[in-house]
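To start, the structure under review is shown below, and the notes come after it.
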Amino acid sequence: MQAIHARNFFLIQSWLKENKQRITMIIVTTKSKTGRNQFAIPTGMYKRKESDMNRQAEYAKRDNMNLKSKWYESAVFYHLFPLGFCGENLYNPAENSPGAETVLNKIHSWIPHLRSIGITAVLLGPVFHSMTHGYDLQDYRNVDPRLGTNEDLVALVNALHNAGIQVVLDAVFHHSGRDFPAFADLRKHGTASQYRDWFSNVDFNSRSSLGDPFNYGSWNGHMELVKFNLDNPDVINHHLNAVRHWIEVFNIDGLRLDVADCLDMGFQKTLRRFCDHIKSDFWLMGEVVHGDYSDWANDQTLHSTTNYEMYKSIYSSHNDHNFFEVAYALNRQFNPENGIYSQLRLYNFIDNHDVDRIGSQIVERNHLRTVHMLLFTIPGIPSLYYGSEWAIPGRRRENSDSPLRPAIHLSSDSLAVISNQNIANYPLHGNGLPELIARLAEIRNQSPSLLHGDYRQILVDHCLLAFTRTCWISDETTLVIVNSSESAASITLQFKMASKGTMTDDHITLRDQLSNEYFTGFATHSDNCRNDCTNRSNYRGFTQLLNLSIAVPPRSGRIIQQIER
């Protein structure tokens with residue numbers, strides 16, 4: 001018996017591959033709060049799927065020319081935080097003027113803008129009745145009066161659907177607010193309450209820090225957020241009935257699960273089965289900060305999770321002039337041989353309602369162009385946070401997220417950003433960022449390789465990254481080159497391309513989809529991959545090993561594809 005030490009199964013897999021003739025079983029030791037545990041695993045359990053199925057064939061079957069894709073697989077999201085539009089009245093709902101236009105109705109005026117920048121799905125932050133920031137719910141069926149009415153939400157969803165935009169709501173199943181009726185009953189009746197088992201770790205032998213004659217579980221020590229007992233069938237039924245209500249009354253298309261990484265996994269699997277039964281293309285995405293995303297995103301649980309690893313890698317690799325960081329994250333997650341998330345579509349973002357806005361996070365604002373180029377060309381589902389298409393600033397304060405969630409009012413040529421009585425005006429046009437986003441969304445939507453293709457790293461340097469995305473079934477490869485340096489870069493690349501020509505072609509015409517410039521690549525080798533890529537007899541594809549010498553402009557990049565002959 002031989003002992004090996006590795007931090008994750010990915011390293012164990014590599015070691016096993018090298019020693020597969022000598023190893024028949026591994027003993028895994030895990031450590032947790034409850035102690036050390038050991039279990040035996042036959043090494044055959046860790047044979048890679050590639051030994052039985054060619055990876056390109058796997059992608060080809062999954063891609064299938066995008067004919068069988070769900071809506072969310074090609075979505076471009078826009079994340080709105082409706083309660084931010086309340087501005088100064090966020091904690092004073094009684095001060096909202098009677099008869100005034102509701103927040104939800106105001107969002108109708110944003111729809112032309114959303115369409116202009118290529119948005120196909122909207123994630124709405126909390127919309128149901130709470131007392132403060134939206135995550136301390138007291139009513140799971142009625143819209144927060146600070147935002148409007150149930151009828152207003154129905155009208156907004158219908159208007160977005162009519163514009164070809166799907167709607168996803170923010171769902172809070174881990175905890176409620178203290179004014180949630182079941183918890184109010186527990187506070188009133190104590191041990192006699194019929195809801196005493198609705199909440200986690202209720203203890204009548206001690207007092208809560210808020211003065212209650214009992215203690216209880218919370219989210220992350222925040223006692224105003226009361227943790228549900230998701231082992232209680234009545235609680236599960238309450239949540240599922242709320243979801244049914246949201247689907248049937250508001251006709252939504254998916255949910256973001258708040259703090260999914262703290263949410264009972266059994267409940268999430270129950271929710272997935274429940275939603276699949278009601279609406280087959282209903283999308284579930286979980287907020288997960290740390291851990292193995294595939295624990296949550298899989299065929300039995302959620303469809304996707306937030307990709308915080310990629311979020312951090314994108315901005316810090318720019319700030320540190322170190323593209324090796326984002327290259328490592330991309331290769332670890334998505335390379336087709338052993339990328340740990342190569343079969344997932346994770347939810348990619350560069351800012352949101354909980355983190356500093358990209359307009360403040362990024363050190364050099366000239367990097368915003370390459371930041372967005374990465375967001376729209378890497379594997380996954382891109383998401384923009386409202387207002388960041390104009391790069392408005394916003395940093396968290398020690399005890400407040402309000403700078404991240406300002407009120408924004410659109411006009412014909414500018415937007416007013418109102419936060420804590422400070423008003424700043426930003427032009428709708430001028431820095432070119434909205435126009436760039438619109439073009440990136442258009443390129444992505446028209447490119448099967450960017451929507452569904454595999455990921456292969458070609459080159460990485462401190463301020464330079466090149467990679468390909470290939471959709472084998474559609475004979476399409478996209479070469480993406482990002483240059484964050486202040487100087488132009490002249491490079492020579494060699495990469496495999498799924499060719500649209502014939503096997504005798506040695507000059508391949510290429511076009512930069514951003515600049516509309518044309519280039520010529522020189523094929524040095526052709527490799528018929530009919531058997532590698534698909535079992536379909538009518539597949540005509542083959543790969544070309546291409547050499548390309550090209551200049552990449554500073555603070556920019558190229559998105560290069562072959563021109564069909």
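Residues are named by chain letter and number: chains run A, B, ... in the order of the structure tokens, numbers start at 1 in each chain, and ligands are numbered from 1 in the order shown.
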
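Backbone DSSP over stretch 125-345 of chain A yields strand (DSSP E) at A:Gln166, A:Val167, A:Val168, A:Leu169, A:Asp170, A:Ala171, A:His175, A:Ser176, A:Gly177, A:Ser218, A:Trp219, A:His222, A:Met223, A:Glu224, A:Leu225, A:Val226, A:Lys227, A:Gly254, A:Leu255, A:Arg256, A:Leu257, A:Trp283, A:Leu284, A:Met285, A:Gly286, A:Ser304, A:Thr305.
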
Stretch 402-409 of chain A environment, 7 Å, only C-alpha atoms, sequence neighbours closer than 6 positions dropped, as a PDB file with N, CA and C atoms, in the first residue's frame:
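Result saved to result.pdb:
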```
ATOM      1  N   PHE A  81     -31.900  45.348  -9.804  1.00  0.00           N
ATOM      2  CA  PHE A  81     -32.227  45.289  -8.379  1.00  0.00           C
ATOM      3  C   PHE A  81     -33.336  46.305  -8.122  1.00  0.00           C
ATOM      4  N   GLY A  84     -33.480  48.943  -5.331  1.00  0.00           N
ATOM      5  CA  GLY A  84     -32.563  50.074  -5.440  1.00  0.00           C
ATOM      6  C   GLY A  84     -33.235  51.303  -6.023  1.00  0.00           C
ATOM      7  N   PHE A  85     -34.269  51.100  -6.849  1.00  0.00           N
ATOM      8  CA  PHE A  85     -34.954  52.220  -7.479  1.00  0.00           C
ATOM      9  C   PHE A  85     -35.797  53.015  -6.482  1.00  0.00           C
ATOM     10  N   CYS A  86     -35.960  52.472  -5.274  1.00  0.00           N
ATOM     11  CA  CYS A  86     -36.715  53.204  -4.255  1.00  0.00           C
ATOM     12  C   CYS A  86     -35.926  54.378  -3.704  1.00  0.00           C
ATOM     13  N   GLY A  87     -34.612  54.356  -3.878  1.00  0.00           N
ATOM     14  CA  GLY A  87     -33.784  55.463  -3.431  1.00  0.00           C
ATOM     15  C   GLY A  87     -33.915  55.721  -1.941  1.00  0.00           C
ATOM     16  N   HIS A 353     -24.980  42.804  -7.107  1.00  0.00           N
ATOM     17  CA  HIS A 353     -25.516  43.624  -6.012  1.00  0.00           C
ATOM     18  C   HIS A 353     -24.756  43.461  -4.706  1.00  0.00           C
ATOM     19  N   ASP A 356     -18.285  45.209  -5.255  1.00  0.00           N
ATOM     20  CA  ASP A 356     -18.001  46.507  -5.862  1.00  0.00           C
ATOM     21  C   ASP A 356     -18.262  46.476  -7.362  1.00  0.00           C
ATOM     22  N   ARG A 357     -18.817  47.563  -7.853  1.00  0.00           N
ATOM     23  CA  ARG A 357     -19.092  47.653  -9.285  1.00  0.00           C
ATOM     24  C   ARG A 357     -17.787  47.647 -10.080  1.00  0.00           C
ATOM     25  N   GLY A 394     -19.257  52.372  -7.791  1.00  0.00           N
ATOM     26  CA  GLY A 394     -20.003  51.981  -6.589  1.00  0.00           C
ATOM     27  C   GLY A 394     -19.180  51.012  -5.766  1.00  0.00           C
ATOM     28  N   ARG A 395     -18.915  51.391  -4.533  1.00  0.00           N
ATOM     29  CA  ARG A 395     -18.170  50.519  -3.622  1.00  0.00           C
ATOM     30  C   ARG A 395     -18.989  50.265  -2.358  1.00  0.00           C
ATOM     31  N   ARG A 396     -18.879  49.040  -1.857  1.00  0.00           N
ATOM     32  CA  ARG A 396     -19.544  48.690  -0.610  1.00  0.00           C
ATOM     33  C   ARG A 396     -18.985  49.519   0.544  1.00  0.00           C
ATOM     34  N   LEU A 415     -28.330  59.276 -18.120  1.00  0.00           N
ATOM     35  CA  LEU A 415     -28.989  58.651 -16.992  1.00  0.00           C
ATOM     36  C   LEU A 415     -28.556  59.359 -15.721  1.00  0.00           C
ATOM     37  N   ALA A 416     -29.505  59.490 -14.797  1.00  0.00           N
ATOM     38  CA  ALA A 416     -29.210  60.074 -13.498  1.00  0.00           C
ATOM     39  C   ALA A 416     -29.108  58.944 -12.487  1.00  0.00           C
ATOM     40  N   VAL A 417     -27.987  58.880 -11.811  1.00  0.00           N
ATOM     41  CA  VAL A 417     -27.757  57.872 -10.788  1.00  0.00           C
ATOM     42  C   VAL A 417     -27.889  58.553  -9.430  1.00  0.00           C
ATOM     43  N   ILE A 418     -28.857  58.107  -8.644  1.00  0.00           N
ATOM     44  CA  ILE A 418     -29.157  58.742  -7.370  1.00  0.00           C
ATOM     45  C   ILE A 418     -28.819  57.771  -6.259  1.00  0.00           C
ATOM     46  N   SER A 419     -27.876  58.146  -5.405  1.00  0.00           N
ATOM     47  CA  SER A 419     -27.479  57.295  -4.295  1.00  0.00           C
ATOM     48  C   SER A 419     -27.167  58.167  -3.097  1.00  0.00           C
TER      49      SER A 419
END
```

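Within the 8 Å cut-off around stretch 73-80 of chain A, using only C-alpha atoms and omitting residues fewer than 4 positions from it on the same chain, the listed residues are Ser69, Leu114, Gly118, Ile119, Thr120, Ala121, Val122, Leu123, Leu124, Gly125, Arg345, Asn352, Ile381, Pro382, Ser383, Leu384, Tyr385, Tyr386, Ala441, Asn445 and Leu451 of chain A.
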
Long-range neighbours of A:Val127 as a PyMOL selection string, 8 Å cut-off, only C-alpha atoms, 3 positions minimum in chain: chain A and resi 82-83+124+134+143-144+147+169-170

Saved selection, atoms kept: N, CA and C atoms, as a compact mmCIF listing (two decimals), in the first residue's frame:
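Saved the output as result.txt:
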```txt
# COMPACT_ATOMS: atom_id res chain seq x y z
N PRO A 82 -34.59 45.88 -8.25
CA PRO A 82 -35.71 46.84 -8.21
C PRO A 82 -35.77 47.68 -6.94
N LEU A 83 -35.46 47.10 -5.78
CA LEU A 83 -35.54 47.89 -4.55
C LEU A 83 -34.56 49.05 -4.55
N LEU A 124 -34.40 39.60 -11.89
CA LEU A 124 -34.92 40.63 -11.00
C LEU A 124 -34.54 40.29 -9.57
N GLY A 134 -34.95 43.16 1.03
CA GLY A 134 -35.57 42.19 0.13
C GLY A 134 -35.31 40.75 0.48
N VAL A 143 -46.24 41.05 -3.98
CA VAL A 143 -45.15 41.97 -4.33
C VAL A 143 -44.98 43.00 -3.22
N ASP A 144 -43.74 43.38 -2.98
CA ASP A 144 -43.43 44.41 -2.00
C ASP A 144 -44.15 45.71 -2.37
N LEU A 147 -42.57 48.41 -4.34
CA LEU A 147 -42.31 48.20 -5.77
C LEU A 147 -43.57 48.27 -6.62
N LEU A 169 -36.56 35.25 -11.22
CA LEU A 169 -36.72 35.95 -9.94
C LEU A 169 -35.72 35.44 -8.92
N ASP A 170 -35.44 36.30 -7.93
CA ASP A 170 -34.58 35.97 -6.81
C ASP A 170 -35.41 35.29 -5.73
```

In stretch 237-357 of chain A, DSSP alpha helix (DSSP H) residues written as an NGL selection string: :A and (237-250 or 265-278 or 308-319 or 323-334)

Nearest to A:Ile559 by atom-to-atom distance, counting only C-alpha atoms, from A:Leu160, A:Ile508, A:Ile481, A:Ala523: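 So, comparing all the options, the nearest one is A:Ile481.
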
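Counting from atom CA of A:Thr305, the distance to atom CA of A:Ser317 is 21.8 Å.
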
Shortest interatomic distance to A:Ser313 - which of A:Met265, A:Val371, A:Ser280, A:Asp299, counting only C-alpha atoms: A:Val371

Test item: residues at most 8 Å from A:Thr370, only C-alpha atoms, excluding those fewer than 6 positions along its chain, as a PyMOL selection string: chain A and resi 482-484+555-557

Output of the above residues as an mmCIF file, in the first residue's frame, restricted to N, CA and C atoms:
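Once written, result_35.cif looks like this:
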```cif
data_model
loop_
_atom_site.group_PDB
_atom_site.id
_atom_site.type_symbol
_atom_site.label_atom_id
_atom_site.label_comp_id
_atom_site.auth_asym_id
_atom_site.auth_seq_id
_atom_site.Cartn_x
_atom_site.Cartn_y
_atom_site.Cartn_z
ATOM 1 N N VAL A 482 -7.122 38.547 -26.588
ATOM 2 C CA VAL A 482 -7.354 39.704 -25.734
ATOM 3 C C VAL A 482 -6.010 40.299 -25.348
ATOM 4 N N ASN A 483 -5.863 41.608 -25.565
ATOM 5 C CA ASN A 483 -4.618 42.312 -25.265
ATOM 6 C C ASN A 483 -4.938 43.485 -24.340
ATOM 7 N N SER A 484 -4.587 43.365 -23.061
ATOM 8 C CA SER A 484 -4.874 44.443 -22.107
ATOM 9 C C SER A 484 -3.737 45.449 -22.004
ATOM 10 N N ARG A 555 -5.318 47.475 -25.525
ATOM 11 C CA ARG A 555 -6.556 47.615 -24.758
ATOM 12 C C ARG A 555 -7.762 47.096 -25.544
ATOM 13 N N SER A 556 -7.541 46.057 -26.308
ATOM 14 C CA SER A 556 -8.607 45.561 -27.164
ATOM 15 C C SER A 556 -8.348 44.092 -27.460
ATOM 16 N N GLY A 557 -8.870 43.634 -28.574
ATOM 17 C CA GLY A 557 -8.672 42.246 -28.934
ATOM 18 C C GLY A 557 -9.306 41.933 -30.262
#
```

Residues near stretch 362-368 of chain A, cut-off 10 Å, only C-alpha atoms, skip fewer than 3 positions along chain, as a VMD selection string: chain A and resid 314 to 316 318 to 320 350 356 to 359 371 to 373 389 391 393 431 433 483 to 486 554 to 556

Selected residue, from A:Val259, A:Asp203, A:Ala192, A:Tyr347, that lies nearest to A:Tyr135 when counting only C-alpha atoms: A:Val259

For atom CA of A:Asn205 and atom CA of A:His222, the interatomic separation in Å (one decimal): 20.0 Å

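Note that the spacing between atom CA of A:Asp258 and atom CA of A:Val288 amounts to 8.6 Å.
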
Among the residues A:Lys188, A:Ser411, A:Ile252, A:Val235, the one that comes closest to A:Asp212 [using only C-alpha atoms]: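 Among the listed residues, A:Lys188 lies closest to A:Asp212.
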
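Shortest separation to A:Met497 among A:Asp354, A:Glu287, A:Asp454, A:Glu517 occurs at residue A:Asp454, atoms counted being only C-alpha atoms.
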